[in-house]
>>> print(open('work-v6.tsv').read())   # TSV, C-alpha atoms
chain	number	residue	atom	x	y	z
A	125	MET	CA	-45.17	67.13	-19.25
A	126	LYS	CA	-48.01	68.86	-17.43
A	127	GLY	CA	-48.71	66.85	-14.35
A	128	ALA	CA	-48.26	63.16	-13.97
A	129	LEU	CA	-49.51	60.26	-11.99
A	130	LEU	CA	-46.71	58.41	-10.25
A	131	LEU	CA	-47.09	54.66	-10.06
A	132	ALA	CA	-44.87	51.94	-8.65
A	133	VAL	CA	-44.78	49.01	-11.07
A	134	GLY	CA	-42.70	46.20	-9.67
A	135	ASN	CA	-39.27	47.68	-9.07
A	136	LEU	CA	-39.97	50.67	-11.36
A	137	ARG	CA	-41.50	54.07	-10.67
A	138	LEU	CA	-43.37	55.44	-13.64
A	139	ALA	CA	-44.61	58.94	-14.33
A	140	VAL	CA	-47.71	58.65	-16.48
A	141	PRO	CA	-48.98	61.83	-18.20
A	142	MET	CA	-52.26	62.86	-16.61
A	143	ALA	CA	-53.71	63.51	-20.07
A	144	ALA	CA	-53.73	59.76	-20.67
A	145	VAL	CA	-55.07	58.76	-17.24
A	146	GLU	CA	-58.74	57.88	-17.06
A	147	ALA	CA	-59.08	56.36	-13.60
A	148	VAL	CA	-57.44	54.39	-10.83
A	149	VAL	CA	-59.47	51.48	-9.50
A	150	PRO	CA	-58.80	48.80	-6.87
A	151	TRP	CA	-56.90	45.77	-8.15
A	152	GLU	CA	-58.91	42.84	-9.42
A	153	PRO	CA	-57.33	39.85	-11.11
A	154	PRO	CA	-58.13	40.15	-14.82
A	155	LEU	CA	-59.92	37.44	-16.77
A	156	GLU	CA	-57.42	35.01	-18.20
A	157	LEU	CA	-57.63	34.82	-21.99
A	158	PRO	CA	-56.14	31.69	-23.63
A	159	HIS	CA	-53.95	32.19	-26.70
A	160	ALA	CA	-53.43	35.83	-25.79
A	161	GLN	CA	-50.45	37.97	-26.75
A	162	PRO	CA	-47.53	37.75	-24.30
A	163	TRP	CA	-47.97	41.38	-23.27
A	164	LEU	CA	-51.51	40.72	-22.04
A	165	ALA	CA	-52.14	39.74	-18.42
A	166	GLY	CA	-55.87	39.46	-19.03
A	167	LEU	CA	-59.04	41.47	-19.58
A	168	TYR	CA	-60.80	43.76	-17.13
A	169	PRO	CA	-64.52	44.21	-17.86
A	170	ARG	CA	-65.55	47.78	-17.18
A	171	LEU	CA	-68.34	50.07	-18.38
A	172	GLY	CA	-69.11	48.21	-21.57
A	173	GLU	CA	-65.51	47.51	-22.49
A	174	ALA	CA	-63.08	44.62	-22.15
A	175	VAL	CA	-60.01	46.57	-21.06
A	176	PRO	CA	-56.65	44.93	-21.89
A	177	VAL	CA	-54.46	44.63	-18.80
A	178	LEU	CA	-50.74	44.93	-19.37
A	179	ASN	CA	-48.27	42.34	-18.11
A	180	PRO	CA	-45.61	44.69	-16.66
A	181	ALA	CA	-42.98	41.99	-16.39
A	182	ARG	CA	-43.18	41.20	-20.11
A	183	VAL	CA	-43.55	44.73	-21.44
A	184	LEU	CA	-41.64	46.90	-18.99
A	185	GLY	CA	-39.26	44.36	-17.53
A	186	ALA	CA	-40.63	45.15	-14.09
A	187	ALA	CA	-40.16	42.65	-11.30
A	188	GLU	CA	-43.39	40.89	-10.41
A	189	GLU	CA	-45.09	42.27	-7.31
A	190	ALA	CA	-48.64	42.03	-5.97
A	191	PRO	CA	-50.54	45.03	-7.39
A	192	GLU	CA	-52.85	47.26	-5.38
A	193	VAL	CA	-54.53	49.17	-8.18
A	194	LEU	CA	-55.24	49.21	-11.87
A	195	LEU	CA	-54.29	52.41	-13.65
A	196	LEU	CA	-56.69	52.89	-16.54
A	197	LEU	CA	-55.33	54.75	-19.55
A	198	ARG	CA	-57.09	55.93	-22.69
A	199	LEU	CA	-55.44	56.98	-25.91
A	200	ASP	CA	-57.38	57.75	-29.09
A	201	GLY	CA	-60.44	56.24	-27.45
A	202	ARG	CA	-58.72	52.93	-26.68
A	203	PRO	CA	-58.41	51.71	-23.10
A	204	LEU	CA	-55.42	49.99	-21.49
A	205	ALA	CA	-54.78	49.11	-17.84
A	206	ILE	CA	-51.51	48.85	-15.92
A	207	PRO	CA	-51.27	47.02	-12.57
A	208	GLY	CA	-49.32	48.92	-9.95
A	209	ARG	CA	-48.97	50.23	-6.42
A	210	GLU	CA	-48.91	53.49	-4.49
A	211	PRO	CA	-50.46	55.80	-7.08
A	212	ARG	CA	-50.17	59.48	-6.38
A	213	ARG	CA	-50.39	62.68	-8.30
A	214	SER	CA	-47.40	64.89	-9.02
A	215	GLY	CA	-47.79	68.51	-9.95
A	216	GLY	CA	-45.03	68.38	-12.47
A	217	LEU	CA	-41.71	66.86	-13.41
A	218	VAL	CA	-38.45	68.48	-14.31
A	219	PRO	CA	-35.56	66.91	-16.18
A	220	ALA	CA	-33.00	65.29	-13.92
A	221	GLY	CA	-30.33	64.53	-16.46
A	222	GLU	CA	-29.36	61.05	-17.46
A	223	PRO	CA	-31.60	58.19	-16.33
A	224	SER	CA	-30.16	56.83	-13.13
A	225	ASP	CA	-31.19	53.24	-13.81
A	226	GLY	CA	-29.97	53.01	-17.37
A	227	SER	CA	-33.44	51.97	-18.49
A	228	GLY	CA	-33.75	54.67	-21.11
A	229	ASN	CA	-37.06	55.71	-19.65
A	230	GLY	CA	-35.85	59.23	-19.20
A	231	GLY	CA	-35.37	60.08	-15.53
A	232	ARG	CA	-37.39	62.98	-14.15
A	233	ARG	CA	-37.14	64.62	-10.76
A	234	THR	CA	-40.47	64.62	-8.93
A	235	GLY	CA	-41.74	67.16	-6.43
A	236	ASP	CA	-40.57	65.09	-3.48
A	237	GLY	CA	-37.05	64.71	-4.77
A	238	GLY	CA	-37.55	61.18	-6.05
A	239	GLU	CA	-37.10	60.01	-9.60
A	240	ALA	CA	-39.49	58.36	-11.98
A	241	GLY	CA	-39.26	57.14	-15.55
A	242	GLU	CA	-41.49	59.15	-17.85
A	243	MET	CA	-43.83	56.81	-19.68
A	244	ASP	CA	-44.24	57.23	-23.44
A	245	VAL	CA	-47.88	56.23	-23.68
A	246	GLU	CA	-48.00	56.26	-27.47
A	247	ALA	CA	-44.97	53.97	-27.68
A	248	LEU	CA	-46.55	51.64	-25.15
A	249	TYR	CA	-49.75	51.38	-27.18
A	250	SER	CA	-47.73	50.78	-30.34
A	251	ALA	CA	-45.71	48.03	-28.67
A	252	CYS	CA	-48.96	46.29	-27.81
A	253	GLY	CA	-50.41	46.69	-31.30
A	254	LEU	CA	-53.22	48.84	-29.96
A	255	ARG	CA	-52.70	51.76	-32.36
B	240	MET	CA	-74.25	39.97	-32.83
B	241	ALA	CA	-76.52	37.11	-31.89
B	242	ASP	CA	-79.54	37.68	-29.66
B	243	SER	CA	-79.20	34.45	-27.74
B	244	TRP	CA	-76.37	32.19	-26.71
B	245	ILE	CA	-75.62	28.76	-25.43
B	246	LEU	CA	-73.17	28.86	-22.53
B	247	VAL	CA	-70.75	25.96	-22.18
B	248	GLY	CA	-68.56	25.24	-19.15
B	249	VAL	CA	-64.97	24.26	-19.95
B	250	ALA	CA	-62.47	22.58	-17.63
B	251	GLY	CA	-64.35	23.81	-14.59
B	252	ARG	CA	-62.77	27.23	-14.91
B	253	SER	CA	-64.39	29.22	-17.66
B	254	THR	CA	-67.46	29.55	-19.82
B	255	LEU	CA	-67.77	29.91	-23.57
B	256	ALA	CA	-70.73	31.45	-25.39
B	257	LEU	CA	-71.82	30.13	-28.77
B	258	PRO	CA	-74.45	31.83	-30.90
B	259	PHE	CA	-77.60	29.75	-30.54
B	260	PRO	CA	-78.05	28.99	-34.29
B	261	GLU	CA	-74.58	27.41	-34.49
B	262	VAL	CA	-75.52	24.53	-32.18
B	263	VAL	CA	-77.64	21.83	-33.79
B	264	ARG	CA	-77.81	19.31	-30.93
B	265	ILE	CA	-76.48	18.77	-27.43
B	266	LEU	CA	-75.75	15.18	-26.45
B	267	HIS	CA	-75.14	14.20	-22.86
B	268	ARG	CA	-72.78	11.44	-21.83
B	269	GLY	CA	-74.60	8.17	-22.14
B	270	ASP	CA	-76.77	9.20	-25.05
B	271	SER	CA	-76.90	6.36	-27.49
B	272	ASP	CA	-75.63	8.47	-30.37
B	273	TRP	CA	-72.61	9.86	-28.50
B	274	GLY	CA	-70.29	7.20	-29.86
B	275	PRO	CA	-70.11	7.96	-33.59
B	276	HIS	CA	-69.17	11.60	-32.95
B	277	ARG	CA	-66.70	11.00	-30.12
B	278	PRO	CA	-63.54	10.12	-32.13
B	279	SER	CA	-63.52	13.35	-34.13
B	280	ALA	CA	-64.85	15.66	-31.41
B	281	LEU	CA	-62.72	18.66	-30.47
B	282	HIS	CA	-61.78	18.78	-26.83
B	283	LEU	CA	-62.31	22.42	-25.83
B	284	ALA	CA	-60.29	22.24	-22.61
B	285	ARG	CA	-57.31	20.85	-24.51
B	286	ILE	CA	-57.58	23.42	-27.31
B	287	LEU	CA	-57.66	26.26	-24.80
B	288	GLY	CA	-54.77	24.89	-22.77
B	289	TRP	CA	-56.89	24.23	-19.69
B	290	GLY	CA	-55.96	20.61	-19.19
B	291	SER	CA	-56.61	17.38	-20.99
B	292	GLU	CA	-58.85	15.59	-18.51
B	293	GLU	CA	-62.11	14.22	-19.80
B	294	PRO	CA	-64.87	16.74	-19.16
B	295	ARG	CA	-67.35	15.77	-16.45
B	296	PRO	CA	-70.17	15.07	-16.61
B	297	GLY	CA	-69.61	15.77	-20.27
B	298	VAL	CA	-71.61	17.03	-23.17
B	299	LEU	CA	-71.00	16.78	-26.88
B	300	LEU	CA	-72.21	19.64	-29.02
B	301	LEU	CA	-73.01	19.11	-32.67
B	302	LEU	CA	-72.44	22.29	-34.61
B	303	ALA	CA	-74.01	23.54	-37.80
B	304	ASP	CA	-70.72	23.10	-39.65
B	305	GLY	CA	-70.71	19.38	-38.87
B	306	LYS	CA	-68.03	19.57	-36.17
B	307	ALA	CA	-68.47	18.21	-32.65
B	308	TRP	CA	-67.14	19.75	-29.45
B	309	LEU	CA	-66.58	18.21	-26.03
B	310	ALA	CA	-67.17	20.30	-22.92
B	311	ASP	CA	-68.02	19.96	-19.25
B	312	ASP	CA	-71.68	20.84	-19.47
B	313	VAL	CA	-74.15	23.32	-20.84
B	314	VAL	CA	-74.50	25.96	-18.18
B	315	ARG	CA	-77.67	27.75	-19.22
B	316	PRO	CA	-79.09	29.69	-22.13
B	317	ALA	CA	-78.49	33.42	-22.10
B	318	SER	CA	-80.85	35.67	-23.94
B	319	SER	CA	-81.02	39.01	-22.17
B	320	GLY	CA	-79.43	41.09	-19.50
B	321	TRP	CA	-75.90	40.39	-20.67
B	322	ASP	CA	-73.44	43.10	-21.68
B	323	TYR	CA	-71.47	42.43	-24.86
B	324	LEU	CA	-67.89	43.68	-24.44
B	325	PRO	CA	-65.83	43.38	-27.65
B	326	ILE	CA	-62.26	42.10	-27.22
B	327	PRO	CA	-59.64	44.09	-29.16
B	328	ALA	CA	-58.24	41.82	-31.85
B	329	ALA	CA	-54.70	42.88	-30.92
B	330	CYS	CA	-55.04	41.00	-27.63
B	331	LEU	CA	-54.99	37.58	-29.28
B	332	ARG	CA	-52.32	35.64	-31.10
B	333	THR	CA	-54.83	33.90	-33.34
B	334	LYS	CA	-55.95	35.40	-36.64
B	335	PRO	CA	-58.88	35.60	-36.83
B	336	PRO	CA	-59.36	35.92	-33.07
B	337	TRP	CA	-60.96	32.87	-31.46
B	338	ALA	CA	-62.75	35.08	-28.92
B	339	ARG	CA	-64.83	38.01	-30.11
B	340	ALA	CA	-66.14	39.43	-26.88
B	341	ILE	CA	-66.99	38.92	-23.23
B	342	LEU	CA	-70.60	38.41	-22.24
B	343	ARG	CA	-71.03	39.76	-18.75
B	344	SER	CA	-73.85	39.88	-16.26
B	345	GLY	CA	-74.31	39.67	-12.52
B	346	GLN	CA	-74.26	35.90	-12.97
B	347	GLY	CA	-70.75	35.79	-14.36
B	348	HIS	CA	-69.02	36.03	-17.68
B	349	ALA	CA	-68.42	34.02	-20.82
B	350	PHE	CA	-66.11	34.34	-23.81
B	351	VAL	CA	-68.00	34.66	-27.09
B	352	VAL	CA	-66.20	32.34	-29.49
B	353	ASP	CA	-65.65	32.36	-33.23
B	354	ALA	CA	-66.27	28.68	-33.90
B	355	ARG	CA	-64.16	28.48	-37.08
B	356	ALA	CA	-61.21	30.26	-35.48
B	357	LEU	CA	-61.39	28.03	-32.41
B	358	GLU	CA	-61.48	24.87	-34.54
B	359	ALA	CA	-58.42	26.11	-36.40
B	360	LEU	CA	-56.45	25.87	-33.16
B	361	SER	CA	-56.84	22.10	-33.00
>>> encode(input="work-v6.tsv", output="structure tokens")
Amino acid sequence: MKGALLLAVGNLRLAVPMAAVEAVVPWEPPLELPHAQPWLAGLYPRLGEAVPVLNPARVLGAAEEAPEVLLLLRLDGRPLAIPGREPRRSGGLVPAGEPSDGSGNGGRRTGDGGEAGEMDVEALYSACGLR
Amino acid sequence: MADSWILVGVAGRSTLALPFPEVVRILHRGDSDWGPHRPSALHLARILGWGSEEPRPGVLLLLADGKAWLADDVVRPASSGWDYLPIPAACLRTKPPWARAILRSGQGHAFVVDARALEALS
């Protein structure tokens, strides 16, 4: 993976491929949408689009925590937002062996010696029915 | 996409947008002809899971399909200066989706509804 954006999501640290990252914006509570899918926290209106905002607790199993930012992704022209904290760029990730948390995310050693689960963006979109 | 909308407040917490041609009449509480439509009227707040309290002050909308809806009030007409943001169908559990889009302006936002899909939730 060439470069990643590291994001704390609840009790998880995710490494999101930079190729899928569109922007990071300050957190705003999304618009609540009745009768929505369980994975949806709400909608974030932005630049002519209603961007679906992921519910990290339901999709990723992340513990609920007050977000600071919205990470905006785009895959095949379709937007998706993930609430999170402490975003920062990493120059690259190298394999670190077996995932330390047993999550199956695929542990990767970051430049500062920490570990982050590498996010499979395509699988995430598929799980949400967005592709 | 309609050119003009009627915006309806629901449960004091959100606004729905209906295409203007779909609304035949708007009756306010106390209108003499409120009564006959009241028993079969769909309570929007209840359908959307936003509480079951009687809307206040209360309007009853008669739709072109013969159905009647209960809501808080008609907020204002909206004809221009609103962005139309389509909602991905995958976001909703209902098929067809009850909400088609978000109308957004500096004055706020409203969910554009599919009347038939919304009525199917009742």
>>> closest_atom_pairs(input="work-v6.tsv", of="chain B", to="chain A", cutoff="8 Å", atoms="all atoms listed in the file", output="JSON lines")
{"residue": "B:Leu287", "atom": "CA", "partner": "A:Pro158", "partner_atom": "CA", "distance": 5.8}
{"residue": "B:Gly288", "atom": "CA", "partner": "A:Pro158", "partner_atom": "CA", "distance": 7.0}
{"residue": "B:Asp322", "atom": "CA", "partner": "A:Gly172", "partner_atom": "CA", "distance": 6.7}
{"residue": "B:Tyr323", "atom": "CA", "partner": "A:Gly172", "partner_atom": "CA", "distance": 7.1}
{"residue": "B:Leu324", "atom": "CA", "partner": "A:Glu173", "partner_atom": "CA", "distance": 4.9}
{"residue": "B:Pro325", "atom": "CA", "partner": "A:Ala174", "partner_atom": "CA", "distance": 6.3}
{"residue": "B:Ile326", "atom": "CA", "partner": "A:Ala174", "partner_atom": "CA", "distance": 5.7}
{"residue": "B:Pro327", "atom": "CA", "partner": "A:Ala174", "partner_atom": "CA", "distance": 7.8}
{"residue": "B:Ala329", "atom": "CA", "partner": "A:Gly253", "partner_atom": "CA", "distance": 5.8}
{"residue": "B:Cys330", "atom": "CA", "partner": "A:Gln161", "partner_atom": "CA", "distance": 5.6}
{"residue": "B:Leu331", "atom": "CA", "partner": "A:Ala160", "partner_atom": "CA", "distance": 4.2}
{"residue": "B:Arg332", "atom": "CA", "partner": "A:Gln161", "partner_atom": "CA", "distance": 5.3}
{"residue": "B:Thr333", "atom": "CA", "partner": "A:His159", "partner_atom": "CA", "distance": 6.9}
{"residue": "B:Ala340", "atom": "CA", "partner": "A:Ala174", "partner_atom": "CA", "distance": 7.7}
{"residue": "B:Ile341", "atom": "CA", "partner": "A:Ala174", "partner_atom": "CA", "distance": 7.0}
{"residue": "B:Arg343", "atom": "CA", "partner": "A:Pro169", "partner_atom": "CA", "distance": 7.9}
>>> closest_residue(input="work-v6.tsv", among="B:Arg277, B:Lys334, B:His348, B:His267", to="Asp311 in chain B", atoms="all atoms listed in the file")
B:His267
>>> closest_residue(input="work-v6.tsv", among="B:Ala310, B:Leu360, B:Ala303, B:Val352", to="Ala284 in chain B", atoms="all atoms listed in the file")
B:Ala310
>>> atom_distance(input="work-v6.tsv", atom1="CA of Trp244 in chain B", atom2="CA of Glu358 in chain B")
18.3 Å
>>> residues_around(input="work-v6.tsv", residues="Ser253 in chain B", least_positions_apart="2", cutoff="9 Å", atoms="all atoms listed in the file", output="PyMOL selection string")
chain B and resi 247-251+255+348-350
>>> closest_residue(input="work-v6.tsv", among="B:Ala256, B:Ile286, B:Gly347, B:Leu342", to="Ala359 in chain B", atoms="all atoms listed in the file")
B:Ile286
>>> residues_around(input="work-v6.tsv", residues="Glu246 in chain A", least_positions_apart="3", cutoff="12 Å", atoms="all atoms listed in the file", output="list in words")
Val140, Pro141, Ala143, Ala144, Leu197, Arg198, Leu199, Asp200, Arg202, Leu204, Glu242, Met243, Tyr249, Ser250, Ala251, Cys252, Gly253, Leu254 and Arg255 of chain A
>>> residues_near_point(input="work-v6.tsv", point="(-71.1, 12.6, -26.8)", cutoff="10 Å", atoms="all atoms listed in the file", output="count of residues only")
24
>>> residues_around(input="work-v6.tsv", residues="range 180-191 of chain A", least_positions_apart="4", cutoff="10 Å", atoms="only C-alpha atoms", output="PyMOL selection string")
chain A and resi 132-137+150-153+162-165+206-210+227+229+248+251-252
>>> residues_near_point(input="work-v6.tsv", point="(-73.8, 33.0, -34.6)", cutoff="12 Å", atoms="only C-alpha atoms", output="PyMOL selection string")
chain B and resi 240-245+256-263+302-304+339+351-355
>>> write_last_selection(input="work-v6.tsv", atoms="C-alpha atoms", output="mmCIF file, keeping the file's coordinate frame")
data_model
loop_
_atom_site.group_PDB
_atom_site.id
_atom_site.type_symbol
_atom_site.label_atom_id
_atom_site.label_comp_id
_atom_site.auth_asym_id
_atom_site.auth_seq_id
_atom_site.Cartn_x
_atom_site.Cartn_y
_atom_site.Cartn_z
ATOM 1 C CA MET B 240 -74.250 39.970 -32.830
ATOM 2 C CA ALA B 241 -76.520 37.110 -31.890
ATOM 3 C CA ASP B 242 -79.540 37.680 -29.660
ATOM 4 C CA SER B 243 -79.200 34.450 -27.740
ATOM 5 C CA TRP B 244 -76.370 32.190 -26.710
ATOM 6 C CA ILE B 245 -75.620 28.760 -25.430
ATOM 7 C CA ALA B 256 -70.730 31.450 -25.390
ATOM 8 C CA LEU B 257 -71.820 30.130 -28.770
ATOM 9 C CA PRO B 258 -74.450 31.830 -30.900
ATOM 10 C CA PHE B 259 -77.600 29.750 -30.540
ATOM 11 C CA PRO B 260 -78.050 28.990 -34.290
ATOM 12 C CA GLU B 261 -74.580 27.410 -34.490
ATOM 13 C CA VAL B 262 -75.520 24.530 -32.180
ATOM 14 C CA VAL B 263 -77.640 21.830 -33.790
ATOM 15 C CA LEU B 302 -72.440 22.290 -34.610
ATOM 16 C CA ALA B 303 -74.010 23.540 -37.800
ATOM 17 C CA ASP B 304 -70.720 23.100 -39.650
ATOM 18 C CA ARG B 339 -64.830 38.010 -30.110
ATOM 19 C CA VAL B 351 -68.000 34.660 -27.090
ATOM 20 C CA VAL B 352 -66.200 32.340 -29.490
ATOM 21 C CA ASP B 353 -65.650 32.360 -33.230
ATOM 22 C CA ALA B 354 -66.270 28.680 -33.900
ATOM 23 C CA ARG B 355 -64.160 28.480 -37.080
#
>>> atom_distance(input="work-v6.tsv", atom1="CA of Leu178 in chain A", atom2="CA of Ala205 in chain A")
6.0 Å
>>> axis_aligned_box(input="work-v6.tsv", around="range 242-248 of chain A", padding_each_side="5 Å", output="AutoDock Vina command-line options")
--center_x -44.7 --center_y 55.4 --center_z -22.8 --size_x 16.5 --size_y 17.5 --size_z 19.8
>>> atom_distance(input="work-v6.tsv", atom1="CA of Pro154 in chain A", atom2="CA of Leu194 in chain A")
10.0 Å
